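Notes follow the structure.
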Amino acid sequence: MIKVLIVETNVQNYQGTTDPTGLWLGESAEFVDEMQRAGIAVDYVSPKGGFVPLDPRSMKYTDAAIMGIYRDRDFIERGLKNTLAPGTIDPTTYSAIYYTGGHGVMWDFPDNPEIQAIASAIYAHGGYLLSVCHGIAGLLNLKNTQGDYVIKGKTITDFTTAEEILAGKKKVVPFLNQDVATDHGANFQKKRFYKDYTVQDGHLITGQNPFSVRSVAQKFITEVSK
């Protein structure tokens with residue numbers, strides 16, 4: 001059975017402030033919607049397990065499909081209230097790991113050793129690494145068995161510096177995804193800000209921004225349907 005592990009943040013505030021952040025709802029919900037349509041199972045994990053906060057700004061960018069998932073009892077229980085803790089995960093049961101975004105991930109995704117170990121194991125047995133928007137933070141520091149960054153020499157995309165400026169968060173975030181990706185040897189690609197754009201390089205599929213979720217999901221579905 002094909003199953004995907006969805007990674008979500010536990011961070012509720014921009015570090016050093018009282019401004020709320022969290023999971024960008026559509027980046028989980030739209031992906032789940034695509035997986036359900038394709039008959040692919042999902043589980044949810046977060047760095048601490050348990051409750052996942054929502055970025056309140058993401059609620060302005062919803063539609064009927066997103067709200068349908070948001071109201072679904074299974075998504076509420078497993079995707080928002082009771083996400084799995086990393087220590088409970090068996091990587092061998094997953095065909096892919098998918099990193100959702102929202103600014104919160106900038107603090108709890110980059111250097112989480114348990115989730116890095118899960119991702120490395122999934123990738124090592126031929127699985128896929130998927131991310132959208134800020135979710136790339138979970139892949140930026142991931143290394144292979146040779147000690148090289150997994151994204152080194154790979155063509156990827158993520159939330160751009162221009163988009164961070166437009167979001168008004170350039171001075172708040174701890175780093176810029178685009179800069180770190182380039183520093184770690186990735187071939188960074190982008191389109192105009194806030195346009196759907198997804199890049200695939202082998203078993204690595206990345207989306208630029210919240211409008212790229214379905215494209216990431218569909219590329220993965222195409223791959224596992226071959």
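We label chains A, B, ... in the order they appear in the structure tokens, count residues from 1 in each chain, and number ligands from 1 in the order shown.
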- Message: Report as a list in words all protein, DNA and RNA residues lying within 12 Å of Asp74 of chain A, evaluated on only C-alpha atoms, omitting residues in the same chain fewer than 6 positions from it.
- Response: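 Within the cut-off, the hits are Ala29, Val32, Gln36, Ala41, Val42, Asp43, Tyr44, Gly68, Leu80, Lys81, Asn82 and Thr83 of chain A.
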- Task: as number ranges by chain, please: all residues of segment 7-99 of chain A that backbone DSSP puts in helix (DSSP H, G or I).
- Result: A: 25-38, 56-60, 64-70, 73-81, 86-88, 91-93
Store the residues picked out above, limited to N, CA and C atoms, as a compact mmCIF listing (two decimals), in the first residue's frame.
# COMPACT_ATOMS: atom_id res chain seq x y z
N LEU A 25 -2.81 26.07 6.41
CA LEU A 25 -3.83 25.03 6.27
C LEU A 25 -3.88 24.40 4.89
N GLY A 26 -3.91 25.22 3.84
CA GLY A 26 -4.05 24.68 2.50
C GLY A 26 -2.92 23.77 2.08
N GLU A 27 -1.74 23.97 2.67
CA GLU A 27 -0.59 23.18 2.28
C GLU A 27 -0.68 21.75 2.80
N SER A 28 -1.48 21.54 3.81
CA SER A 28 -1.80 20.18 4.24
C SER A 28 -3.10 19.71 3.59
N ALA A 29 -4.13 20.55 3.69
CA ALA A 29 -5.46 20.14 3.24
C ALA A 29 -5.54 19.82 1.75
N GLU A 30 -4.93 20.66 0.91
CA GLU A 30 -4.99 20.40 -0.53
C GLU A 30 -4.22 19.14 -0.89
N PHE A 31 -3.10 18.91 -0.21
CA PHE A 31 -2.34 17.69 -0.45
C PHE A 31 -3.16 16.47 -0.05
N VAL A 32 -3.79 16.54 1.11
CA VAL A 32 -4.62 15.43 1.58
C VAL A 32 -5.76 15.18 0.60
N ASP A 33 -6.37 16.24 0.11
CA ASP A 33 -7.45 16.10 -0.86
C ASP A 33 -6.99 15.34 -2.10
N GLU A 34 -5.80 15.68 -2.60
CA GLU A 34 -5.26 14.98 -3.77
C GLU A 34 -4.96 13.53 -3.45
N MET A 35 -4.43 13.25 -2.27
CA MET A 35 -4.14 11.87 -1.89
C MET A 35 -5.42 11.06 -1.76
N GLN A 36 -6.44 11.65 -1.18
CA GLN A 36 -7.71 10.94 -1.05
C GLN A 36 -8.30 10.59 -2.41
N ARG A 37 -8.23 11.53 -3.33
CA ARG A 37 -8.75 11.29 -4.67
C ARG A 37 -8.00 10.15 -5.37
N ALA A 38 -6.72 10.01 -5.04
CA ALA A 38 -5.89 8.97 -5.66
C ALA A 38 -5.89 7.66 -4.87
N PRO A 56 -3.13 31.85 11.26
CA PRO A 56 -4.43 32.49 11.02
C PRO A 56 -4.54 33.12 9.65
N ARG A 57 -3.42 33.56 9.07
CA ARG A 57 -3.49 34.17 7.75
C ARG A 57 -3.90 33.17 6.68
N SER A 58 -3.62 31.89 6.93
CA SER A 58 -3.94 30.88 5.93
C SER A 58 -5.44 30.69 5.75
N MET A 59 -6.21 31.11 6.75
CA MET A 59 -7.67 30.95 6.67
C MET A 59 -8.28 31.91 5.66
N LYS A 60 -7.50 32.90 5.22
CA LYS A 60 -7.99 33.82 4.20
C LYS A 60 -7.86 33.22 2.80
N ALA A 64 -13.72 25.63 -1.06
CA ALA A 64 -14.61 24.56 -0.61
C ALA A 64 -13.85 23.27 -0.34
N ALA A 65 -12.86 22.96 -1.18
CA ALA A 65 -12.10 21.73 -1.01
C ALA A 65 -11.26 21.76 0.26
N ILE A 66 -10.60 22.88 0.49
CA ILE A 66 -9.78 23.02 1.70
C ILE A 66 -10.66 22.93 2.95
N MET A 67 -11.78 23.62 2.94
CA MET A 67 -12.67 23.60 4.10
C MET A 67 -13.29 22.22 4.30
N GLY A 68 -13.49 21.49 3.21
CA GLY A 68 -14.01 20.14 3.33
C GLY A 68 -13.06 19.25 4.12
N ILE A 69 -11.77 19.35 3.82
CA ILE A 69 -10.77 18.59 4.57
C ILE A 69 -10.68 19.11 6.00
N TYR A 70 -10.69 20.42 6.17
CA TYR A 70 -10.58 21.04 7.49
C TYR A 70 -11.70 20.57 8.43
N ARG A 73 -13.48 14.84 10.17
CA ARG A 73 -13.15 14.38 11.51
C ARG A 73 -11.77 13.73 11.58
N ASP A 74 -11.42 12.96 10.57
CA ASP A 74 -10.11 12.30 10.57
C ASP A 74 -8.99 13.33 10.53
N PHE A 75 -9.13 14.36 9.69
CA PHE A 75 -8.10 15.40 9.61
C PHE A 75 -7.99 16.16 10.92
N ILE A 76 -9.13 16.47 11.52
CA ILE A 76 -9.13 17.17 12.81
C ILE A 76 -8.39 16.36 13.87
N GLU A 77 -8.73 15.07 13.94
CA GLU A 77 -8.17 14.24 15.00
C GLU A 77 -6.71 13.89 14.77
N ARG A 78 -6.39 13.44 13.54
CA ARG A 78 -5.02 12.96 13.30
C ARG A 78 -4.09 14.04 12.75
N GLY A 79 -4.67 15.01 12.03
CA GLY A 79 -3.84 16.01 11.38
C GLY A 79 -3.65 17.29 12.16
N LEU A 80 -4.51 17.55 13.16
CA LEU A 80 -4.41 18.79 13.92
C LEU A 80 -4.31 18.58 15.43
N LYS A 81 -5.05 17.64 15.97
CA LYS A 81 -5.08 17.47 17.42
C LYS A 81 -4.08 16.44 17.94
N PRO A 86 7.63 11.64 16.31
CA PRO A 86 8.61 10.99 15.43
C PRO A 86 9.05 9.61 15.89
N GLY A 87 9.17 9.43 17.19
CA GLY A 87 9.64 8.15 17.72
C GLY A 87 8.71 6.98 17.46
N THR A 88 7.49 7.26 17.05
CA THR A 88 6.52 6.19 16.79
C THR A 88 6.49 5.77 15.32
N PRO A 91 9.71 4.16 9.21
CA PRO A 91 9.90 4.72 7.86
C PRO A 91 9.65 3.73 6.74
N THR A 92 9.80 2.45 7.02
CA THR A 92 9.67 1.45 5.96
C THR A 92 8.24 1.33 5.43
N THR A 93 7.29 1.92 6.13
CA THR A 93 5.89 1.81 5.71
C THR A 93 5.45 2.96 4.81
- Task: May I have the residues within 9 Å of segment 106-108 of chain A as a ChimeraX atom specification, using only C-alpha atoms and disregarding those fewer than 6 positions away in the same chain?
- Result: /A:9-11,14-15,46-47,134-135,137-138,173-175,177
Could you take the residues named above and write them with N, CA and C atoms, as a JSON list (two decimals), in the first residue's frame?
[["chain", "number", "residue", "atom", "x", "y", "z"],
["A", 9, "THR", "N", 4.12, 21.58, 11.58],
["A", 9, "THR", "CA", 4.82, 22.28, 12.64],
["A", 9, "THR", "C", 4.04, 22.32, 13.95],
["A", 10, "ASN", "N", 4.77, 22.46, 15.05],
["A", 10, "ASN", "CA", 4.16, 22.71, 16.37],
["A", 10, "ASN", "C", 4.32, 24.15, 16.82],
["A", 11, "VAL", "N", 5.04, 24.97, 16.04],
["A", 11, "VAL", "CA", 5.38, 26.33, 16.46],
["A", 11, "VAL", "C", 4.18, 27.26, 16.32],
["A", 14, "TYR", "N", 5.92, 33.46, 15.89],
["A", 14, "TYR", "CA", 7.22, 33.84, 15.36],
["A", 14, "TYR", "C", 8.14, 34.04, 16.55],
["A", 15, "GLN", "N", 9.32, 33.42, 16.50],
["A", 15, "GLN", "CA", 10.22, 33.43, 17.64],
["A", 15, "GLN", "C", 10.54, 34.86, 18.08],
["A", 46, "SER", "N", 4.58, 15.47, 13.66],
["A", 46, "SER", "CA", 5.13, 16.80, 13.97],
["A", 46, "SER", "C", 6.32, 16.60, 14.88],
["A", 47, "PRO", "N", 7.21, 17.58, 14.98],
["A", 47, "PRO", "CA", 8.41, 17.40, 15.79],
["A", 47, "PRO", "C", 8.14, 16.97, 17.23],
["A", 134, "HIS", "N", 7.60, 26.99, 2.57],
["A", 134, "HIS", "CA", 8.58, 26.95, 3.65],
["A", 134, "HIS", "C", 8.92, 25.53, 4.10],
["A", 135, "GLY", "N", 8.14, 24.57, 3.66],
["A", 135, "GLY", "CA", 8.41, 23.18, 4.03],
["A", 135, "GLY", "C", 9.80, 22.71, 3.64],
["A", 137, "ALA", "N", 12.37, 23.85, 4.45],
["A", 137, "ALA", "CA", 13.24, 23.96, 5.63],
["A", 137, "ALA", "C", 13.59, 22.60, 6.20],
["A", 138, "GLY", "N", 12.71, 21.63, 6.02],
["A", 138, "GLY", "CA", 12.98, 20.28, 6.50],
["A", 138, "GLY", "C", 14.00, 19.53, 5.68],
["A", 173, "VAL", "N", 12.10, 36.07, 9.96],
["A", 173, "VAL", "CA", 12.50, 34.67, 9.83],
["A", 173, "VAL", "C", 13.99, 34.50, 10.15],
["A", 174, "PRO", "N", 14.38, 33.33, 10.67],
["A", 174, "PRO", "CA", 15.77, 33.11, 11.08],
["A", 174, "PRO", "C", 16.74, 32.94, 9.91],
["A", 175, "PHE", "N", 16.23, 32.65, 8.72],
["A", 175, "PHE", "CA", 17.06, 32.52, 7.53],
["A", 175, "PHE", "C", 16.15, 32.61, 6.32],
["A", 177, "ASN", "N", 15.11, 30.76, 2.90],
["A", 177, "ASN", "CA", 15.20, 29.44, 2.26],
["A", 177, "ASN", "C", 16.03, 29.48, 0.98]]
- May I have the residues within 8 Å of Ile2 of chain A as number ranges by chain, using only C-alpha atoms and disregarding those fewer than 4 positions away in the same chain? A: 40-41, 94-95
I need the residues from that last selection saved to file as a PDB file, in the first residue's frame (with N, CA and C atoms), if you can.
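Okay, this is what ended up in part_8.pdb:
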ATOM      1  N   ILE A  40      -4.587   7.198  -1.856  1.00  0.00           N
ATOM      2  CA  ILE A  40      -3.314   7.053  -1.153  1.00  0.00           C
ATOM      3  C   ILE A  40      -3.483   7.442   0.310  1.00  0.00           C
ATOM      4  N   ALA A  41      -3.047   6.581   1.197  1.00  0.00           N
ATOM      5  CA  ALA A  41      -3.196   6.809   2.635  1.00  0.00           C
ATOM      6  C   ALA A  41      -2.164   7.816   3.134  1.00  0.00           C
ATOM      7  N   TYR A  94       6.383   3.886   4.479  1.00  0.00           N
ATOM      8  CA  TYR A  94       6.009   5.071   3.696  1.00  0.00           C
ATOM      9  C   TYR A  94       6.739   5.139   2.356  1.00  0.00           C
ATOM     10  N   SER A  95       6.000   5.602   1.366  1.00  0.00           N
ATOM     11  CA  SER A  95       6.560   5.796   0.025  1.00  0.00           C
ATOM     12  C   SER A  95       7.084   7.210  -0.166  1.00  0.00           C
TER      13      SER A  95
END
- Query: Do you have the atom CA of Gly126 of chain A-atom CA of Thr160 of chain A distance handy?
  - Reply: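 We find that atom CA of Gly126 of chain A and atom CA of Thr160 of chain A lie 28.4 Å from each other.
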- Query: Can you list, as a VMD selection string, every residue of segment 75-110 of chain A that DSSP puts in strand (DSSP E or B)?
  - Reply: chain A and resid 83 to 84 96 to 99
Store the residues of this selection in a file with N, CA and C atoms, as an mmCIF file, in the first residue's frame.
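Final output, saved to result-v4.cif:
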data_model
loop_
_atom_site.group_PDB
_atom_site.id
_atom_site.type_symbol
_atom_site.label_atom_id
_atom_site.label_comp_id
_atom_site.auth_asym_id
_atom_site.auth_seq_id
_atom_site.Cartn_x
_atom_site.Cartn_y
_atom_site.Cartn_z
ATOM 1 N N THR A 83 -1.247 14.607 16.171
ATOM 2 C CA THR A 83 -0.234 14.138 15.224
ATOM 3 C C THR A 83 0.721 13.179 15.930
ATOM 4 N N LEU A 84 1.304 12.289 15.147
ATOM 5 C CA LEU A 84 2.221 11.298 15.694
ATOM 6 C C LEU A 84 3.536 11.939 16.117
ATOM 7 N N ALA A 96 6.717 8.117 0.737
ATOM 8 C CA ALA A 96 7.153 9.508 0.630
ATOM 9 C C ALA A 96 6.970 10.204 1.965
ATOM 10 N N ILE A 97 7.733 11.284 2.132
ATOM 11 C CA ILE A 97 7.526 12.199 3.246
ATOM 12 C C ILE A 97 7.274 13.571 2.638
ATOM 13 N N TYR A 98 6.262 14.248 3.138
ATOM 14 C CA TYR A 98 5.856 15.541 2.581
ATOM 15 C C TYR A 98 5.905 16.605 3.662
ATOM 16 N N TYR A 99 6.723 17.632 3.433
ATOM 17 C CA TYR A 99 6.884 18.729 4.381
ATOM 18 C C TYR A 99 5.960 19.888 4.015
#
- Task: Using only C-alpha atoms, find the one residue out of A:Gln218, A:Thr21, A:Thr155, A:Asn144 that sits nearest to Leu204 of chain A.
- Result: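 Of the candidates, the smallest distance to Leu204 of chain A is held by A:Thr155.
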Show which residues sit within 10 Å of Asp183 of chain A, as a PDB file with C-alpha atoms, in the first residue's frame. Count only C-alpha atoms, and ignore same-chain residues fewer than 4 positions away.
ATOM      1  CA  LEU A 140      17.777  22.133   3.593  1.00  0.00           C
ATOM      2  CA  LYS A 152      23.359  19.479  -3.412  1.00  0.00           C
ATOM      3  CA  ASN A 177      15.202  29.443   2.256  1.00  0.00           C
ATOM      4  CA  GLN A 178      16.462  30.564  -1.130  1.00  0.00           C
ATOM      5  CA  ASP A 179      19.839  31.632   0.278  1.00  0.00           C
ATOM      6  CA  ASN A 187      20.171  24.526  -8.373  1.00  0.00           C
TER       7      ASN A 187
END
- Item | Selected residue, from A:Ala124, A:Leu23, A:Val199, A:Ile89, that lies nearest to Ser215 of chain A when counting only C-alpha atoms |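 Checking each candidate against Ser215 of chain A, we get A:Val199 as the closest.
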